[in-house]
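For reference, the structure discussed in these notes is given below.
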Amino acid sequence: MLLRATSLLFTLLLARLSQAAPLTILAEEWPPFVYLNAVDQPAGMAVDIVQQLQQRTGDIAPMQLKTWDQANALLRSQPDHMMFTLGDTDDNRRDFTQLGPIMVASVTAYGLPRNAAGLARLTATQLAGEATVAAQDSIAEAAALEAGFRPHRTRDSEQGLRLLLGNRVRLWVEANTAVVPILRFTGTQAQAIAPVATLSSLPLYLSFSRGTAPDTVRRWQHALEGMLQDGSYLAIHLRWLPMEAPIEQVDLHSHDPALASPASDTSATPPQTTISP
């Protein structure tokens, strides 16, 4: 009897130790994806997605908004941490388990709808020679220069949009994260402009630290796949990035051999899992 009780106690102890630790959720402020609203609560497109995932996974710990240095240090040194959103880079694939993308940060050249088709047919060199504007010292200006454009610098993005709408220039270069807020601020309908060419693009992922329990990652994977299947992801995407194509597939890039095999939930979309070196 004593041996059986001891064995049962040992089994219960092992079961308790094998339970995944609570997941700590980190983010860096990056409007309009992540920011603090008027009542100092996290808000933004990425926040909306992660909050929906929290409801589905049960990982409901409050989001912790940190500086980049603080969040990065925690993610690299502590297991059971997840940060959103990080780019799909070689370094991040090597150092973290990445799930997503949940969105794509891009810089796009926009034109008037009546000109967009003709502009899109131009070669890259020809397009770069068109009259173009971008806000000074912005990521849009940097991307335009990198792509070979010589944009006229405007004092802000609103001025650039007005120059395009006034047919003073042929292209307005802007980050997709900023387009919808600028259109709303200026009272401009989304149909008034049209994308011509994407100058830079960076898929953004949920990144889990080394040592995070595989069951935790799988739970988030299934939740994200579920959002894509039932339309809840699309609803969030349309609210924030109505001019962009939504994400249609979930990928999992991991260094953890425990995540190499497909998830057992056959009701979800088959996972696309890549084991990184």
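Residue numbering restarts at 1 in every chain; chains get A, B, ... in the order shown in the structure tokens, and ligands count up from 1 in that same order.
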
### Task
Please return as a ChimeraX atom specification: the residues of segment 212-248 of chain A that backbone DSSP assigns to alpha helix (DSSP H).
/A:214-230,232-240

Keeping only N, CA, C and O atoms, take the residues you just selected and write them out as a CSV table (one decimal), in the first residue's frame.
```
chain,number,residue,atom,x,y,z
A,214,PRO,N,6.6,23.1,-26.2
A,214,PRO,CA,6.0,22.9,-27.5
A,214,PRO,C,4.5,22.9,-27.5
A,214,PRO,O,3.9,23.3,-28.4
A,215,ASP,N,3.9,22.4,-26.4
A,215,ASP,CA,2.4,22.4,-26.3
A,215,ASP,C,1.9,23.8,-26.3
A,215,ASP,O,0.8,24.0,-26.9
A,216,THR,N,2.6,24.7,-25.7
A,216,THR,CA,2.2,26.1,-25.7
A,216,THR,C,2.2,26.7,-27.2
A,216,THR,O,1.2,27.3,-27.6
A,217,VAL,N,3.3,26.4,-27.9
A,217,VAL,CA,3.4,26.9,-29.3
A,217,VAL,C,2.3,26.3,-30.1
A,217,VAL,O,1.6,27.0,-30.9
A,218,ARG,N,2.1,25.0,-30.0
A,218,ARG,CA,1.0,24.3,-30.8
A,218,ARG,C,-0.4,24.9,-30.5
A,218,ARG,O,-1.2,25.0,-31.4
A,219,ARG,N,-0.6,25.2,-29.2
A,219,ARG,CA,-1.9,25.8,-28.8
A,219,ARG,C,-2.1,27.1,-29.5
A,219,ARG,O,-3.2,27.4,-30.1
A,220,TRP,N,-1.1,27.9,-29.6
A,220,TRP,CA,-1.2,29.2,-30.3
A,220,TRP,C,-1.3,29.0,-31.8
A,220,TRP,O,-2.0,29.7,-32.5
A,221,GLN,N,-0.6,28.0,-32.3
A,221,GLN,CA,-0.7,27.6,-33.8
A,221,GLN,C,-2.1,27.3,-34.1
A,221,GLN,O,-2.7,27.8,-35.1
A,222,HIS,N,-2.7,26.4,-33.4
A,222,HIS,CA,-4.1,26.0,-33.6
A,222,HIS,C,-5.1,27.2,-33.5
A,222,HIS,O,-6.0,27.3,-34.3
A,223,ALA,N,-4.8,28.0,-32.6
A,223,ALA,CA,-5.7,29.2,-32.4
A,223,ALA,C,-5.6,30.1,-33.6
A,223,ALA,O,-6.6,30.6,-34.1
A,224,LEU,N,-4.4,30.4,-34.1
A,224,LEU,CA,-4.2,31.2,-35.2
A,224,LEU,C,-4.8,30.6,-36.5
A,224,LEU,O,-5.5,31.3,-37.3
A,225,GLU,N,-4.6,29.3,-36.7
A,225,GLU,CA,-5.2,28.6,-37.8
A,225,GLU,C,-6.8,28.8,-37.7
A,225,GLU,O,-7.4,29.0,-38.7
A,226,GLY,N,-7.3,28.6,-36.5
A,226,GLY,CA,-8.7,28.8,-36.3
A,226,GLY,C,-9.2,30.2,-36.7
A,226,GLY,O,-10.3,30.3,-37.3
A,227,MET,N,-8.5,31.2,-36.4
A,227,MET,CA,-8.9,32.5,-36.8
A,227,MET,C,-8.9,32.7,-38.3
A,227,MET,O,-9.8,33.4,-38.8
A,228,LEU,N,-8.0,32.1,-39.0
A,228,LEU,CA,-8.0,32.2,-40.4
A,228,LEU,C,-9.2,31.5,-41.0
A,228,LEU,O,-9.8,31.9,-42.0
A,229,GLN,N,-9.5,30.3,-40.4
A,229,GLN,CA,-10.6,29.5,-40.9
A,229,GLN,C,-12.0,30.1,-40.7
A,229,GLN,O,-12.9,30.0,-41.5
A,230,ASP,N,-12.2,30.7,-39.5
A,230,ASP,CA,-13.6,31.2,-39.2
A,230,ASP,C,-13.8,32.7,-39.5
A,230,ASP,O,-14.9,33.2,-39.3
A,232,SER,N,-12.4,35.4,-38.3
A,232,SER,CA,-12.2,36.4,-37.3
A,232,SER,C,-10.9,37.2,-37.6
A,232,SER,O,-10.8,38.4,-37.3
A,233,TYR,N,-9.9,36.5,-38.2
A,233,TYR,CA,-8.7,37.2,-38.6
A,233,TYR,C,-9.0,38.2,-39.7
A,233,TYR,O,-8.5,39.4,-39.7
A,234,LEU,N,-9.7,37.8,-40.7
A,234,LEU,CA,-10.0,38.7,-41.8
A,234,LEU,C,-10.8,39.9,-41.4
A,234,LEU,O,-10.5,41.0,-41.9
A,235,ALA,N,-11.7,39.8,-40.4
A,235,ALA,CA,-12.4,40.9,-39.9
A,235,ALA,C,-11.4,42.0,-39.3
A,235,ALA,O,-11.6,43.2,-39.5
A,236,ILE,N,-10.4,41.5,-38.5
A,236,ILE,CA,-9.5,42.4,-37.9
A,236,ILE,C,-8.6,43.0,-39.0
A,236,ILE,O,-8.4,44.3,-39.0
A,237,HIS,N,-8.2,42.2,-40.0
A,237,HIS,CA,-7.3,42.7,-41.1
A,237,HIS,C,-8.0,43.8,-41.9
A,237,HIS,O,-7.5,44.9,-42.2
A,238,LEU,N,-9.3,43.6,-42.2
A,238,LEU,CA,-10.1,44.6,-43.0
A,238,LEU,C,-10.2,45.9,-42.2
A,238,LEU,O,-10.3,46.9,-42.8
A,239,ARG,N,-10.3,45.8,-40.9
A,239,ARG,CA,-10.5,47.0,-40.1
A,239,ARG,C,-9.2,47.9,-40.1
A,239,ARG,O,-9.3,49.1,-40.1
A,240,TRP,N,-8.1,47.2,-40.2
A,240,TRP,CA,-6.8,48.0,-40.1
A,240,TRP,C,-6.1,48.2,-41.4
A,240,TRP,O,-5.4,49.2,-41.6
```

### Spatial neighbours of Phe96 of chain A, 8 Å, only C-alpha atoms, chain gap at least 3 places, as a list in words
Asn92, Arg93, Ser207, Phe208, Ser209, Arg210, Ser254 and His255 of chain A

With N, CA and C atoms retained, write the just-selected residues as a JSON list (two decimals), in the first residue's frame.
```json
[["chain", "number", "residue", "atom", "x", "y", "z"],
["A", 92, "ASN", "N", 16.25, 35.92, -36.50],
["A", 92, "ASN", "CA", 15.09, 35.57, -35.69],
["A", 92, "ASN", "C", 14.69, 34.10, -35.88],
["A", 93, "ARG", "N", 14.82, 33.60, -37.10],
["A", 93, "ARG", "CA", 14.52, 32.18, -37.32],
["A", 93, "ARG", "C", 15.50, 31.29, -36.55],
["A", 207, "SER", "N", 6.93, 35.52, -31.94],
["A", 207, "SER", "CA", 8.21, 34.87, -31.71],
["A", 207, "SER", "C", 8.28, 34.34, -30.28],
["A", 208, "PHE", "N", 8.52, 33.04, -30.15],
["A", 208, "PHE", "CA", 8.59, 32.37, -28.85],
["A", 208, "PHE", "C", 10.05, 32.11, -28.49],
["A", 209, "SER", "N", 10.40, 32.33, -27.24],
["A", 209, "SER", "CA", 11.77, 32.14, -26.79],
["A", 209, "SER", "C", 12.14, 30.67, -26.75],
["A", 210, "ARG", "N", 13.45, 30.42, -26.80],
["A", 210, "ARG", "CA", 13.95, 29.04, -26.66],
["A", 210, "ARG", "C", 13.51, 28.47, -25.31],
["A", 254, "SER", "N", 10.89, 26.65, -36.56],
["A", 254, "SER", "CA", 11.38, 26.33, -35.22],
["A", 254, "SER", "C", 12.70, 25.58, -35.25],
["A", 255, "HIS", "N", 13.49, 25.81, -34.22],
["A", 255, "HIS", "CA", 14.73, 25.08, -33.98],
["A", 255, "HIS", "C", 14.49, 23.88, -33.07]]
```

Counting only C-alpha atoms, which residues of segment 27-133 of chain A sit at most 12 Å from some atom of segment 177-198 of chain A, and what is each one's closest atom pair with its distance in Å to one decimal, listed by chain and rising residue number, as a tab-separated table?
```
residue	atom	partner	partner_atom	distance
A:Trp30	CA	A:Thr177	CA	9.5
A:Pro31	CA	A:Thr177	CA	7.7
A:Pro32	CA	A:Thr177	CA	6.2
A:Phe33	CA	A:Thr177	CA	7.3
A:Val34	CA	A:Thr177	CA	10.7
A:Gly44	CA	A:Thr177	CA	10.4
A:Met45	CA	A:Thr177	CA	9.5
A:Ala46	CA	A:Thr177	CA	11.2
A:Met103	CA	A:Thr177	CA	10.2
A:Val104	CA	A:Thr177	CA	9.2
A:Ala105	CA	A:Thr177	CA	6.8
A:Ser106	CA	A:Thr198	CA	7.0
A:Val107	CA	A:Thr198	CA	6.0
A:Thr108	CA	A:Thr198	CA	4.3
A:Ala109	CA	A:Ala197	CA	5.3
A:Tyr110	CA	A:Pro195	CA	4.4
A:Gly111	CA	A:Ala194	CA	5.4
A:Leu112	CA	A:Ile193	CA	4.9
A:Pro113	CA	A:Ala194	CA	5.2
A:Arg114	CA	A:Ala194	CA	8.8
A:Asn115	CA	A:Ala194	CA	8.8
A:Ala116	CA	A:Val196	CA	5.6
A:Ala117	CA	A:Val196	CA	7.5
A:Gly118	CA	A:Val196	CA	9.1
A:Leu119	CA	A:Val196	CA	6.6
A:Ala120	CA	A:Val196	CA	5.3
A:Arg121	CA	A:Val196	CA	9.1
A:Leu122	CA	A:Val196	CA	10.0
A:Thr123	CA	A:Ala197	CA	10.7
A:Ala124	CA	A:Ala197	CA	9.2
A:Leu127	CA	A:Ala197	CA	9.0
A:Ala128	CA	A:Ala197	CA	10.5
A:Glu130	CA	A:Val196	CA	12.0
```

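Atom CA of Ala142 of chain A is positioned 17.5 Å from atom CA of Gln159 of chain A.
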
### Task
Choose the residue, out of A:Leu99, A:Ala143, A:Val133, A:Met83, that has the smallest atom-to-atom separation from Leu199 of chain A; count only C-alpha atoms.
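Between A:Leu99, A:Ala143, A:Val133, A:Met83, the residue approaching Leu199 of chain A most closely is A:Ala143.
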
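Atom to atom, atom CA of Gln249 of chain A and atom CA of Leu53 of chain A stand 15.8 Å apart.
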
### Message
Need to verify the contact set: Gln64 of chain A, 9 Å, only C-alpha atoms, exclusion of same-chain residues closer than 2 positions in sequence. Can you return it as an MDAnalysis selection string?
### Response
chainID A and resid 24:28 42 61:62 66 71

### Message
I'd like to know which of A:Ala43, A:Ala144, A:Leu206, A:Ala131 is closest to Leu164 of chain A, using only C-alpha atoms.
### Response
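Among the listed residues, A:Ala131 lies closest to Leu164 of chain A.
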
### Task
Within 7 Å of Leu204 of chain A, counting only C-alpha atoms, which residues show up once you throw out same-chain ones fewer than 2 positions away? Write them as a VMD selection string, please.
chain A and resid 85 to 88 101 to 105 202

### Query
Given the choices A:Tyr205, A:Leu75, A:Arg150, A:Thr212, which gets closest to Ile49 of chain A if the distance is worked out from only C-alpha atoms?
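Under the stated criterion, the closest residue is A:Tyr205.
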